[in-house]
>>> print(open('input.csv').read())   # CSV, C-alpha atoms
chain,number,residue,atom,x,y,z
D,282,MET,CA,-234.6,206.5,-67.4
D,283,LEU,CA,-237.9,204.6,-67.7
D,284,PHE,CA,-239.0,202.8,-64.6
D,285,LYS,CA,-241.7,200.2,-65.3
D,286,PHE,CA,-244.0,199.3,-62.4
D,287,ARG,CA,-247.1,197.3,-63.3
D,288,LYS,CA,-248.4,198.7,-66.6
D,289,THR,CA,-247.2,202.3,-65.9
D,290,THR,CA,-244.1,203.9,-67.3
D,291,LEU,CA,-242.4,206.8,-65.5
D,292,ALA,CA,-240.0,209.0,-67.4
D,293,ILE,CA,-237.3,210.7,-65.3
D,294,THR,CA,-236.9,214.4,-65.8
D,295,THR,CA,-235.2,217.2,-63.9
D,296,GLU,CA,-238.6,218.1,-62.4
D,297,THR,CA,-239.1,214.4,-61.3
D,298,ILE,CA,-235.8,214.4,-59.5
D,299,GLU,CA,-236.4,217.7,-57.8
D,300,ALA,CA,-239.9,216.6,-56.7
D,301,TRP,CA,-238.5,213.4,-55.3
D,302,ILE,CA,-235.9,215.2,-53.3
D,303,GLU,CA,-238.5,217.7,-52.0
D,304,GLU,CA,-240.7,214.7,-51.0
D,305,GLY,CA,-237.8,213.4,-48.9
D,306,ARG,CA,-236.9,210.4,-50.9
D,307,GLY,CA,-233.5,208.8,-50.1
D,308,GLN,CA,-233.5,210.7,-46.8
D,309,GLY,CA,-234.2,209.9,-43.1
D,310,HIS,CA,-233.7,207.0,-40.8
D,311,GLY,CA,-236.0,204.3,-39.4
D,312,THR,CA,-239.7,205.2,-39.6
D,313,ASP,CA,-238.9,208.5,-41.4
D,314,TYR,CA,-236.9,206.9,-44.3
D,315,ILE,CA,-238.4,207.2,-47.8
D,316,PRO,CA,-236.8,205.0,-50.5
D,317,TRP,CA,-235.4,206.8,-53.6
D,318,ILE,CA,-237.4,204.4,-55.8
D,319,LYS,CA,-240.9,203.6,-54.7
D,320,ILE,CA,-243.2,201.0,-56.1
D,321,GLN,CA,-246.4,202.5,-57.5
D,322,THR,CA,-248.8,199.9,-56.0
D,323,ARG,CA,-252.2,201.4,-56.8
D,324,GLY,CA,-253.7,199.3,-54.1
D,325,SER,CA,-251.9,196.0,-55.0
D,326,PRO,CA,-249.5,194.7,-52.3
D,327,THR,CA,-247.5,192.5,-54.6
D,328,LEU,CA,-246.6,193.2,-58.2
D,329,GLY,CA,-244.9,190.2,-59.7
D,330,ASN,CA,-241.3,190.2,-58.4
D,331,LEU,CA,-241.8,193.6,-56.8
D,332,ASN,CA,-242.9,193.6,-53.2
D,333,TYR,CA,-244.5,196.4,-51.1
D,334,ARG,CA,-245.1,195.4,-47.5
D,335,TYR,CA,-245.3,196.7,-44.0
D,336,ILE,CA,-242.2,196.4,-41.8
D,337,PRO,CA,-243.4,196.2,-38.2
D,338,ALA,CA,-240.0,196.8,-36.6
D,339,PHE,CA,-239.6,200.1,-38.5
D,340,ASP,CA,-243.3,201.1,-38.7
D,341,ARG,CA,-243.2,201.9,-42.4
D,342,TYR,CA,-243.7,200.2,-45.8
D,343,GLY,CA,-240.8,198.7,-47.6
D,344,HIS,CA,-240.3,198.9,-51.4
D,345,PHE,CA,-238.4,195.9,-52.7
D,346,LEU,CA,-237.6,195.6,-56.4
D,347,SER,CA,-236.9,191.8,-56.1
D,348,ALA,CA,-237.7,188.8,-54.0
D,349,GLY,CA,-234.0,188.7,-53.1
D,350,GLU,CA,-234.1,192.2,-51.5
D,351,GLY,CA,-237.1,191.2,-49.3
D,352,ASN,CA,-235.5,188.0,-48.2
D,353,LEU,CA,-232.2,189.8,-47.4
D,354,GLU,CA,-234.0,192.5,-45.4
D,355,ASP,CA,-235.7,189.8,-43.3
D,356,PHE,CA,-232.4,188.0,-42.7
D,357,LEU,CA,-230.5,191.2,-41.7
D,358,MET,CA,-233.3,192.3,-39.3
D,359,PHE,CA,-233.1,188.8,-37.7
D,360,LEU,CA,-229.3,189.1,-37.4
D,361,GLY,CA,-229.6,192.4,-35.5
D,362,ALA,CA,-229.5,195.3,-38.0
D,363,SER,CA,-231.0,198.3,-36.2
D,364,ASP,CA,-232.2,200.0,-39.4
D,365,LEU,CA,-232.5,199.0,-43.1
D,366,ARG,CA,-232.9,201.4,-46.0
D,367,GLU,CA,-233.8,200.0,-49.4
D,368,GLN,CA,-233.2,201.9,-52.7
D,369,PHE,CA,-230.7,204.2,-51.0
D,370,PRO,CA,-229.3,206.9,-53.4
D,371,CYS,CA,-225.6,207.6,-54.0
D,372,TRP,CA,-225.9,211.2,-54.9
D,373,PRO,CA,-223.7,212.5,-57.8
D,374,TRP,CA,-222.8,215.7,-55.8
D,375,LYS,CA,-220.9,216.1,-52.6
D,376,HIS,CA,-222.9,215.1,-49.6
D,377,PRO,CA,-222.7,213.8,-46.0
D,378,HIS,CA,-222.1,210.2,-45.0
D,379,PRO,CA,-225.3,208.0,-45.2
D,380,LEU,CA,-225.4,207.9,-41.4
D,381,TYR,CA,-225.7,211.6,-41.1
D,382,GLY,CA,-228.8,212.6,-39.1
D,383,HIS,CA,-228.9,209.3,-37.2
D,384,PRO,CA,-229.4,209.8,-33.4
D,385,GLU,CA,-226.0,208.2,-32.7
D,386,PHE,CA,-224.2,210.0,-35.5
D,387,LYS,CA,-220.8,211.5,-34.6
D,388,PRO,CA,-219.8,214.0,-37.3
D,389,ALA,CA,-216.1,214.1,-36.5
D,390,SER,CA,-215.7,210.4,-37.1
D,391,ILE,CA,-217.6,210.1,-40.4
D,392,PRO,CA,-216.4,211.5,-43.7
D,393,TRP,CA,-218.4,213.1,-46.5
D,394,SER,CA,-218.7,211.6,-50.0
D,395,PRO,CA,-217.4,213.6,-53.0
D,396,GLY,CA,-220.3,212.2,-55.0
D,397,THR,CA,-220.4,209.7,-57.8
D,398,LEU,CA,-219.5,212.3,-60.5
D,399,ALA,CA,-216.1,212.9,-58.8
D,400,ILE,CA,-215.7,209.2,-58.1
D,401,ALA,CA,-216.3,208.3,-61.8
D,402,ARG,CA,-213.7,210.9,-62.9
D,403,SER,CA,-211.2,209.4,-60.5
D,404,MET,CA,-211.9,205.9,-61.8
D,405,GLY,CA,-211.5,207.1,-65.4
D,406,ILE,CA,-215.1,206.0,-66.4
D,407,THR,CA,-218.0,207.9,-67.9
D,408,HIS,CA,-220.7,208.5,-65.3
D,409,PRO,CA,-224.0,206.9,-66.5
D,410,ARG,CA,-226.9,209.0,-67.5
D,411,PHE,CA,-230.6,208.3,-67.5
D,412,PRO,CA,-231.3,206.8,-70.9
D,413,GLY,CA,-232.4,209.3,-73.5
D,414,THR,CA,-231.5,212.3,-71.3
D,415,LYS,CA,-228.5,214.3,-70.3
D,416,LEU,CA,-229.3,213.8,-66.6
D,417,TYR,CA,-226.7,212.0,-64.5
D,418,TYR,CA,-228.0,208.6,-63.3
D,419,ILE,CA,-228.3,208.3,-59.5
D,420,PRO,CA,-227.0,204.9,-58.4
D,421,THR,CA,-228.9,203.2,-55.6
D,422,ILE,CA,-227.8,200.7,-53.0
D,423,ASP,CA,-230.3,197.9,-52.9
D,424,VAL,CA,-230.2,197.5,-49.1
D,425,LEU,CA,-228.2,199.7,-46.7
D,426,ALA,CA,-228.0,198.3,-43.1
D,427,THR,CA,-227.3,200.3,-40.0
D,428,VAL,CA,-225.4,198.1,-37.4
D,429,PRO,CA,-225.1,199.0,-33.7
D,430,ALA,CA,-221.5,199.3,-32.6
D,431,PRO,CA,-219.8,200.4,-29.3
D,432,VAL,CA,-218.4,203.8,-30.5
D,433,THR,CA,-220.8,204.8,-33.3
D,434,ASN,CA,-223.2,202.9,-35.5
D,435,ARG,CA,-221.8,201.4,-38.7
D,436,ALA,CA,-223.3,201.0,-42.2
D,437,VAL,CA,-223.0,197.9,-44.5
D,438,ALA,CA,-224.2,198.0,-48.1
D,439,PHE,CA,-225.7,195.2,-50.2
D,440,ALA,CA,-226.1,194.9,-53.9
D,441,VAL,CA,-228.7,192.1,-54.6
D,442,LYS,CA,-228.5,190.1,-57.8
D,443,PRO,CA,-230.0,186.8,-59.1
D,444,ASP,CA,-228.0,183.6,-59.0
D,445,LEU,CA,-224.5,184.9,-59.8
D,446,SER,CA,-223.4,181.6,-61.1
D,447,LYS,CA,-226.1,181.7,-63.8
D,448,VAL,CA,-226.5,185.3,-64.7
D,449,GLU,CA,-223.9,187.4,-66.4
D,450,ILE,CA,-223.8,191.1,-65.3
D,451,GLU,CA,-224.1,193.5,-68.2
D,452,GLU,CA,-221.5,196.2,-68.8
D,453,GLY,CA,-223.8,199.0,-67.8
D,454,ASP,CA,-224.7,197.3,-64.5
D,455,ALA,CA,-221.1,196.5,-63.9
D,456,ILE,CA,-220.2,200.2,-64.1
D,457,LYS,CA,-222.9,201.1,-61.7
D,458,LEU,CA,-221.8,198.4,-59.3
D,459,ALA,CA,-218.2,199.6,-59.6
D,460,LEU,CA,-219.4,203.2,-58.7
D,461,GLN,CA,-221.3,201.8,-55.7
D,462,ARG,CA,-218.3,199.9,-54.4
D,463,ASP,CA,-215.9,202.8,-54.7
D,464,TYR,CA,-218.5,205.1,-53.1
D,465,CYS,CA,-218.7,202.7,-50.1
D,466,ASP,CA,-214.9,202.2,-49.9
D,467,ARG,CA,-214.3,205.9,-49.6
D,468,LEU,CA,-216.8,206.0,-46.7
D,469,SER,CA,-215.4,202.9,-45.0
D,470,ILE,CA,-218.7,201.1,-45.6
D,471,PRO,CA,-218.4,197.3,-46.3
D,472,TRP,CA,-220.0,196.5,-49.6
D,473,ARG,CA,-221.4,193.0,-50.4
D,474,LEU,CA,-222.5,191.6,-53.7
D,475,PHE,CA,-225.3,189.3,-52.6
D,476,SER,CA,-227.4,186.6,-54.3
D,477,LYS,CA,-230.8,185.5,-52.9
D,478,ASN,CA,-229.6,181.9,-53.2
D,479,GLN,CA,-227.2,182.5,-50.4
D,480,ILE,CA,-230.1,182.3,-48.0
D,481,PRO,CA,-231.5,178.7,-47.9
D,482,GLU,CA,-235.1,178.5,-49.0
D,483,THR,CA,-236.4,177.0,-45.7
D,484,LEU,CA,-234.7,179.8,-43.7
D,485,SER,CA,-236.2,182.5,-45.9
D,486,ASN,CA,-239.7,180.9,-45.6
D,487,ASN,CA,-239.4,180.8,-41.9
D,488,LEU,CA,-238.2,184.4,-41.6
D,489,ARG,CA,-241.1,185.5,-43.8
D,490,ILE,CA,-243.5,184.1,-41.2
D,491,LEU,CA,-241.5,185.4,-38.1
D,492,PHE,CA,-240.9,188.9,-39.4
D,493,HIS,CA,-244.5,189.8,-38.6
D,494,TYR,CA,-243.5,189.5,-35.0
D,495,SER,CA,-240.3,191.6,-35.3
D,496,ALA,CA,-241.6,194.7,-33.6
D,497,PRO,CA,-241.1,194.9,-29.8
D,498,ALA,CA,-244.3,194.5,-27.8
D,499,PRO,CA,-243.8,196.2,-24.4
D,500,ASN,CA,-247.3,195.2,-23.2
D,501,ILE,CA,-246.2,191.5,-23.1
D,502,ALA,CA,-242.5,191.9,-22.5
D,503,SER,CA,-242.7,190.5,-19.0
D,504,ILE,CA,-244.6,187.4,-19.9
D,505,GLN,CA,-242.4,186.9,-23.0
D,506,VAL,CA,-239.4,186.5,-20.7
D,507,GLN,CA,-241.1,184.0,-18.5
D,508,PHE,CA,-242.5,182.1,-21.5
D,509,ALA,CA,-239.1,181.8,-23.2
D,510,ASP,CA,-237.5,180.7,-20.0
D,511,VAL,CA,-240.1,177.9,-19.3
D,512,LEU,CA,-240.3,176.7,-22.9
D,513,GLY,CA,-236.6,176.9,-23.4
D,514,ASN,CA,-236.0,174.6,-20.4
D,515,ARG,CA,-238.7,172.2,-21.5
D,516,LEU,CA,-237.7,171.8,-25.2
D,517,SER,CA,-235.8,168.6,-25.9
D,518,GLU,CA,-235.2,166.3,-28.8
D,519,SER,CA,-237.5,163.6,-27.4
D,520,GLU,CA,-240.7,165.7,-26.8
D,521,THR,CA,-242.8,167.3,-29.5
D,522,ILE,CA,-242.9,171.1,-29.8
D,523,GLN,CA,-246.7,170.9,-29.2
D,524,ASP,CA,-246.3,169.0,-25.9
D,525,SER,CA,-243.6,171.5,-24.7
D,526,LEU,CA,-245.7,174.4,-25.8
D,527,SER,CA,-248.9,173.0,-24.1
D,528,HIS,CA,-247.0,172.5,-20.9
D,529,THR,CA,-245.7,176.1,-20.9
D,530,MET,CA,-249.1,177.6,-21.7
D,531,ARG,CA,-250.7,175.6,-18.8
D,532,ARG,CA,-248.0,176.5,-16.4
D,533,LEU,CA,-248.3,180.2,-17.2
D,534,HIS,CA,-252.1,180.2,-17.7
D,535,LEU,CA,-251.9,181.5,-21.3
D,536,SER,CA,-254.5,181.4,-24.0
D,537,LYS,CA,-253.7,179.5,-27.2
D,538,LYS,CA,-253.6,182.7,-29.2
D,539,LEU,CA,-251.2,184.4,-26.8
D,540,GLY,CA,-249.1,181.3,-26.6
D,541,GLN,CA,-248.7,181.1,-30.3
D,542,GLU,CA,-247.7,184.7,-30.5
D,543,LEU,CA,-245.1,184.3,-27.8
D,544,PHE,CA,-243.7,181.2,-29.5
D,545,HIS,CA,-243.1,183.0,-32.8
D,546,ARG,CA,-241.7,186.0,-31.0
D,547,ALA,CA,-239.3,183.8,-29.0
D,548,LEU,CA,-238.1,182.3,-32.3
D,549,TRP,CA,-237.6,185.7,-33.9
D,550,PHE,CA,-235.7,187.2,-30.9
D,551,LYS,CA,-233.6,184.0,-30.5
D,552,GLN,CA,-234.9,183.3,-27.0
D,553,ILE,CA,-235.4,179.5,-27.5
D,554,PRO,CA,-232.9,177.1,-29.1
D,555,ILE,CA,-235.1,175.9,-32.0
D,556,ASP,CA,-233.1,175.9,-35.3
D,557,ILE,CA,-235.1,178.0,-37.8
D,558,ARG,CA,-232.9,176.8,-40.7
D,559,LYS,CA,-235.2,173.8,-40.6
D,560,ALA,CA,-239.0,173.6,-40.8
D,561,TRP,CA,-240.6,173.3,-37.4
D,562,VAL,CA,-243.4,170.7,-37.0
D,563,PHE,CA,-245.5,171.1,-33.9
D,564,ALA,CA,-246.3,167.3,-33.8
D,565,ALA,CA,-242.6,166.4,-33.9
D,566,PRO,CA,-239.6,167.1,-31.7
D,567,PRO,CA,-237.6,170.2,-32.6
D,568,PHE,CA,-234.3,170.6,-34.2
D,569,LEU,CA,-232.2,172.4,-31.6
D,570,THR,CA,-229.2,174.6,-32.1
D,571,ASP,CA,-226.6,176.3,-29.9
D,572,GLY,CA,-226.9,179.4,-32.0
D,573,ARG,CA,-223.3,179.6,-33.2
D,574,TRP,CA,-224.5,179.7,-36.8
D,575,ILE,CA,-226.3,183.0,-36.0
D,576,THR,CA,-223.1,184.5,-34.7
D,577,GLU,CA,-221.2,183.3,-37.7
D,578,ALA,CA,-223.8,184.7,-40.1
D,579,ARG,CA,-223.9,188.0,-38.3
D,580,ASN,CA,-220.1,188.4,-38.5
D,581,TYR,CA,-220.2,187.4,-42.2
D,582,MET,CA,-223.1,189.6,-43.2
D,583,LEU,CA,-222.8,192.6,-40.8
D,584,GLY,CA,-219.1,192.5,-39.8
D,585,GLN,CA,-216.5,195.0,-41.0
D,586,GLY,CA,-214.5,192.5,-43.2
>>> encode(input="input.csv", output="structure tokens")
Amino acid sequence: MLFKFRKTTLAITTETIEAWIEEGRGQGHGTDYIPWIKIQTRGSPTLGNLNYRYIPAFDRYGHFLSAGEGNLEDFLMFLGASDLREQFPCWPWKHPHPLYGHPEFKPASIPWSPGTLAIARSMGITHPRFPGTKLYYIPTIDVLATVPAPVTNRAVAFAVKPDLSKVEIEEGDAIKLALQRDYCDRLSIPWRLFSKNQIPETLSNNLRILFHYSAPAPNIASIQVQFADVLGNRLSESETIQDSLSHTMRRLHLSKKLGQELFHRALWFKQIPIDIRKAWVFAAPPFLTDGRWITEARNYMLGQG
């Protein structure tokens, strides 16, 4: 297969695949995870629709092959996914469940995958190959989320596509999606076909700002709790956000810089009732929410159904 990033073209060979596996691509969790497909940035943080950016909560760089993937990852992080792995490979050969190696992994409760070659045979379809080669194609899940659960962590898979109402999925892509879905079904992993248009533009824009504050900050954890409590009690639909924020900063003797950081963190960690589906304007009263939409979105996106 030919992967085109910027003006470079990468031909896939047996040696390429072996080198990527040796590098650790498609393996690990959290900070240690390396995507199977990596963007060759050559110093450029954004390449057209490709996006390579630092993820503070996971302390690593993300490799997103579309704007939709980046938007989805922000949203899933906000909803409470404990880990997200983009460009996750579905190996053609038999291999452990994608949660294998996770600190909370329980081997007895999670099955192995027979691999996509065996799955394709059982489905009666021809397994795709890398174009121009005899090498079996390695399907990738666009975003694989790890979700905290009482007994053991769960996984939820997402295939991200453009506006599905306007774009027809080609036959080759449909076969790869069918392999992904059966792969996930056999491992009891919910699989979602997702379009970036499912996340409202204002919400995506707000999450893009707030995601920079997604990493825990132990050094200000104590003041963060006090800040959210005071500001949360002060916010109302009759007072501007700036007036409420200024009152909170004066009461807690905070600098403007620290107050702004605590405000954004409070929004990301859902500690104050401002509705981030709408643009917030400091000179105007806030739009408030009881947070039920977040619970509904979490159940829809990260639930087991």
>>> closest_residue(input="input.csv", among="D:Thr433, D:Thr529, D:Thr414, D:Gln308", to="His376 (chain D)", atoms="only C-alpha atoms")
D:Gln308
>>> closest_residue(input="input.csv", among="D:Ala436, D:Leu539, D:Leu468, D:Ala578", to="Ser363 (chain D)", atoms="all atoms listed in the file")
D:Ala436
>>> closest_residue(input="input.csv", among="D:Ile480, D:Cys465, D:Tyr314, D:Thr294", to="Lys415 (chain D)", atoms="all atoms listed in the file")
D:Thr294
>>> atom_distance(input="input.csv", atom1="CA of Gln461 (chain D)", atom2="CA of Met358 (chain D)")
22.4 Å
>>> atom_distance(input="input.csv", atom1="CA of Val562 (chain D)", atom2="CA of Gln523 (chain D)")
8.5 Å
>>> residues_around(input="input.csv", residues="Asp364 (chain D)", least_positions_apart="4", cutoff="6 Å", atoms="all atoms listed in the file", output="PDB file with C-alpha atoms, keeping the file's coordinate frame")
ATOM      1  CA  GLY D 311    -236.000 204.300 -39.400  1.00  0.00           C
ATOM      2  CA  ALA D 426    -228.000 198.300 -43.100  1.00  0.00           C
ATOM      3  CA  THR D 427    -227.300 200.300 -40.000  1.00  0.00           C
TER       4      THR D 427
END
>>> atom_distance(input="input.csv", atom1="CA of Leu569 (chain D)", atom2="CA of Tyr494 (chain D)")
20.8 Å
>>> residues_near_point(input="input.csv", point="(-241.0, 179.5, -35.1)", cutoff="8 Å", atoms="only C-alpha atoms", output="list in words")
Asn487, Leu491, Phe544, His545, Arg546, Ala547, Leu548, Trp549, Ile555, Ile557 and Trp561 of chain D
>>> closest_residue(input="input.csv", among="D:Trp301, D:Tyr464, D:Phe345, D:Phe356", to="Pro377 (chain D)", atoms="all atoms listed in the file")
D:Tyr464
>>> residues_around(input="input.csv", residues="region 507-511 of chain D", least_positions_apart="2", cutoff="7 Å", atoms="only C-alpha atoms", output="PDB file with C-alpha atoms, in the frame of the given file")
ATOM      1  CA  SER D 503    -242.700 190.500 -19.000  1.00  0.00           C
ATOM      2  CA  ILE D 504    -244.600 187.400 -19.900  1.00  0.00           C
ATOM      3  CA  GLN D 505    -242.400 186.900 -23.000  1.00  0.00           C
ATOM      4  CA  GLY D 513    -236.600 176.900 -23.400  1.00  0.00           C
ATOM      5  CA  ASN D 514    -236.000 174.600 -20.400  1.00  0.00           C
ATOM      6  CA  ARG D 515    -238.700 172.200 -21.500  1.00  0.00           C
ATOM      7  CA  THR D 529    -245.700 176.100 -20.900  1.00  0.00           C
ATOM      8  CA  ALA D 547    -239.300 183.800 -29.000  1.00  0.00           C
ATOM      9  CA  GLN D 552    -234.900 183.300 -27.000  1.00  0.00           C
ATOM     10  CA  ILE D 553    -235.400 179.500 -27.500  1.00  0.00           C
TER      11      ILE D 553
END
>>> closest_residue(input="input.csv", among="D:Leu425, D:Asn478, D:His383, D:Leu416", to="Glu299 (chain D)", atoms="all atoms listed in the file")
D:Leu416
>>> residues_around(input="input.csv", residues="Val428 (chain D)", least_positions_apart="5", cutoff="9 Å", atoms="only C-alpha atoms", output="VMD selection string")
chain D and resid 361 to 364 434 to 437 583 to 584
>>> closest_residue(input="input.csv", among="D:Ala401, D:Met530, D:Ile419, D:Leu331", to="Trp317 (chain D)", atoms="all atoms listed in the file")
D:Ile419
>>> build_atoms(input="input.csv", residues="region 530-539 of chain D", atoms="all heavy atoms", output="compact mmCIF listing (two decimals), keeping the file's coordinate frame")
# COMPACT_ATOMS: atom_id res chain seq x y z
N MET D 530 -247.90 176.75 -21.70
CA MET D 530 -249.10 177.60 -21.70
C MET D 530 -249.95 177.23 -20.42
O MET D 530 -250.53 178.12 -19.79
CB MET D 530 -249.93 177.37 -22.94
CG MET D 530 -249.26 177.99 -24.16
SD MET D 530 -250.34 178.07 -25.63
CE MET D 530 -250.54 176.32 -25.98
N ARG D 531 -249.99 175.95 -20.05
CA ARG D 531 -250.70 175.60 -18.80
C ARG D 531 -250.07 176.15 -17.59
O ARG D 531 -250.75 176.69 -16.71
CB ARG D 531 -250.81 174.04 -18.72
CG ARG D 531 -251.77 173.38 -19.68
CD ARG D 531 -252.06 171.94 -19.23
NE ARG D 531 -250.83 171.16 -19.13
CZ ARG D 531 -250.29 170.46 -20.13
NH1 ARG D 531 -250.89 170.45 -21.31
NH2 ARG D 531 -249.18 169.76 -19.95
N ARG D 532 -248.78 176.05 -17.54
CA ARG D 532 -248.00 176.50 -16.40
C ARG D 532 -248.20 178.03 -16.18
O ARG D 532 -248.32 178.52 -15.04
CB ARG D 532 -246.57 176.16 -16.48
CG ARG D 532 -245.73 176.62 -15.30
CD ARG D 532 -244.33 176.07 -15.37
NE ARG D 532 -243.46 176.69 -14.39
CZ ARG D 532 -242.18 176.39 -14.23
NH1 ARG D 532 -241.61 175.45 -14.98
NH2 ARG D 532 -241.45 177.02 -13.31
N LEU D 533 -248.23 178.78 -17.30
CA LEU D 533 -248.30 180.20 -17.20
C LEU D 533 -249.75 180.74 -17.41
O LEU D 533 -249.96 181.96 -17.45
CB LEU D 533 -247.38 180.88 -18.25
CG LEU D 533 -245.89 180.57 -18.08
CD1 LEU D 533 -245.08 181.19 -19.22
CD2 LEU D 533 -245.38 181.07 -16.73
N HIS D 534 -250.71 179.81 -17.55
CA HIS D 534 -252.10 180.20 -17.70
C HIS D 534 -252.34 181.09 -18.94
O HIS D 534 -252.96 182.15 -18.83
CB HIS D 534 -252.67 180.84 -16.45
CG HIS D 534 -252.41 180.06 -15.19
ND1 HIS D 534 -253.05 178.88 -14.90
CD2 HIS D 534 -251.54 180.29 -14.16
CE1 HIS D 534 -252.62 178.40 -13.75
NE2 HIS D 534 -251.70 179.23 -13.28
N LEU D 535 -251.83 180.65 -20.06
CA LEU D 535 -251.90 181.50 -21.30
C LEU D 535 -252.97 180.91 -22.23
O LEU D 535 -253.19 179.70 -22.30
CB LEU D 535 -250.55 181.44 -22.01
CG LEU D 535 -249.33 181.92 -21.24
CD1 LEU D 535 -248.07 181.73 -22.07
CD2 LEU D 535 -249.49 183.37 -20.82
N SER D 536 -253.60 181.81 -22.96
CA SER D 536 -254.50 181.40 -24.00
C SER D 536 -253.73 180.83 -25.19
O SER D 536 -252.53 181.10 -25.33
CB SER D 536 -255.36 182.57 -24.49
OG SER D 536 -254.54 183.53 -25.16
N LYS D 537 -254.39 180.05 -26.03
CA LYS D 537 -253.70 179.50 -27.20
C LYS D 537 -253.20 180.57 -28.11
O LYS D 537 -252.08 180.49 -28.64
CB LYS D 537 -254.68 178.56 -27.96
CG LYS D 537 -254.04 177.89 -29.17
CD LYS D 537 -255.02 176.95 -29.85
CE LYS D 537 -254.37 176.28 -31.07
NZ LYS D 537 -255.31 175.36 -31.75
N LYS D 538 -254.00 181.63 -28.30
CA LYS D 538 -253.60 182.70 -29.20
C LYS D 538 -252.36 183.42 -28.69
O LYS D 538 -251.41 183.67 -29.46
CB LYS D 538 -254.76 183.74 -29.30
CG LYS D 538 -254.44 184.91 -30.22
CD LYS D 538 -255.63 185.87 -30.30
CE LYS D 538 -255.30 187.06 -31.19
NZ LYS D 538 -256.44 188.02 -31.27
N LEU D 539 -252.33 183.75 -27.39
CA LEU D 539 -251.20 184.40 -26.80
C LEU D 539 -249.96 183.49 -26.84
O LEU D 539 -248.82 183.90 -27.14
CB LEU D 539 -251.44 184.90 -25.41
CG LEU D 539 -250.28 185.61 -24.70
CD1 LEU D 539 -249.79 186.80 -25.51
CD2 LEU D 539 -250.69 186.05 -23.30
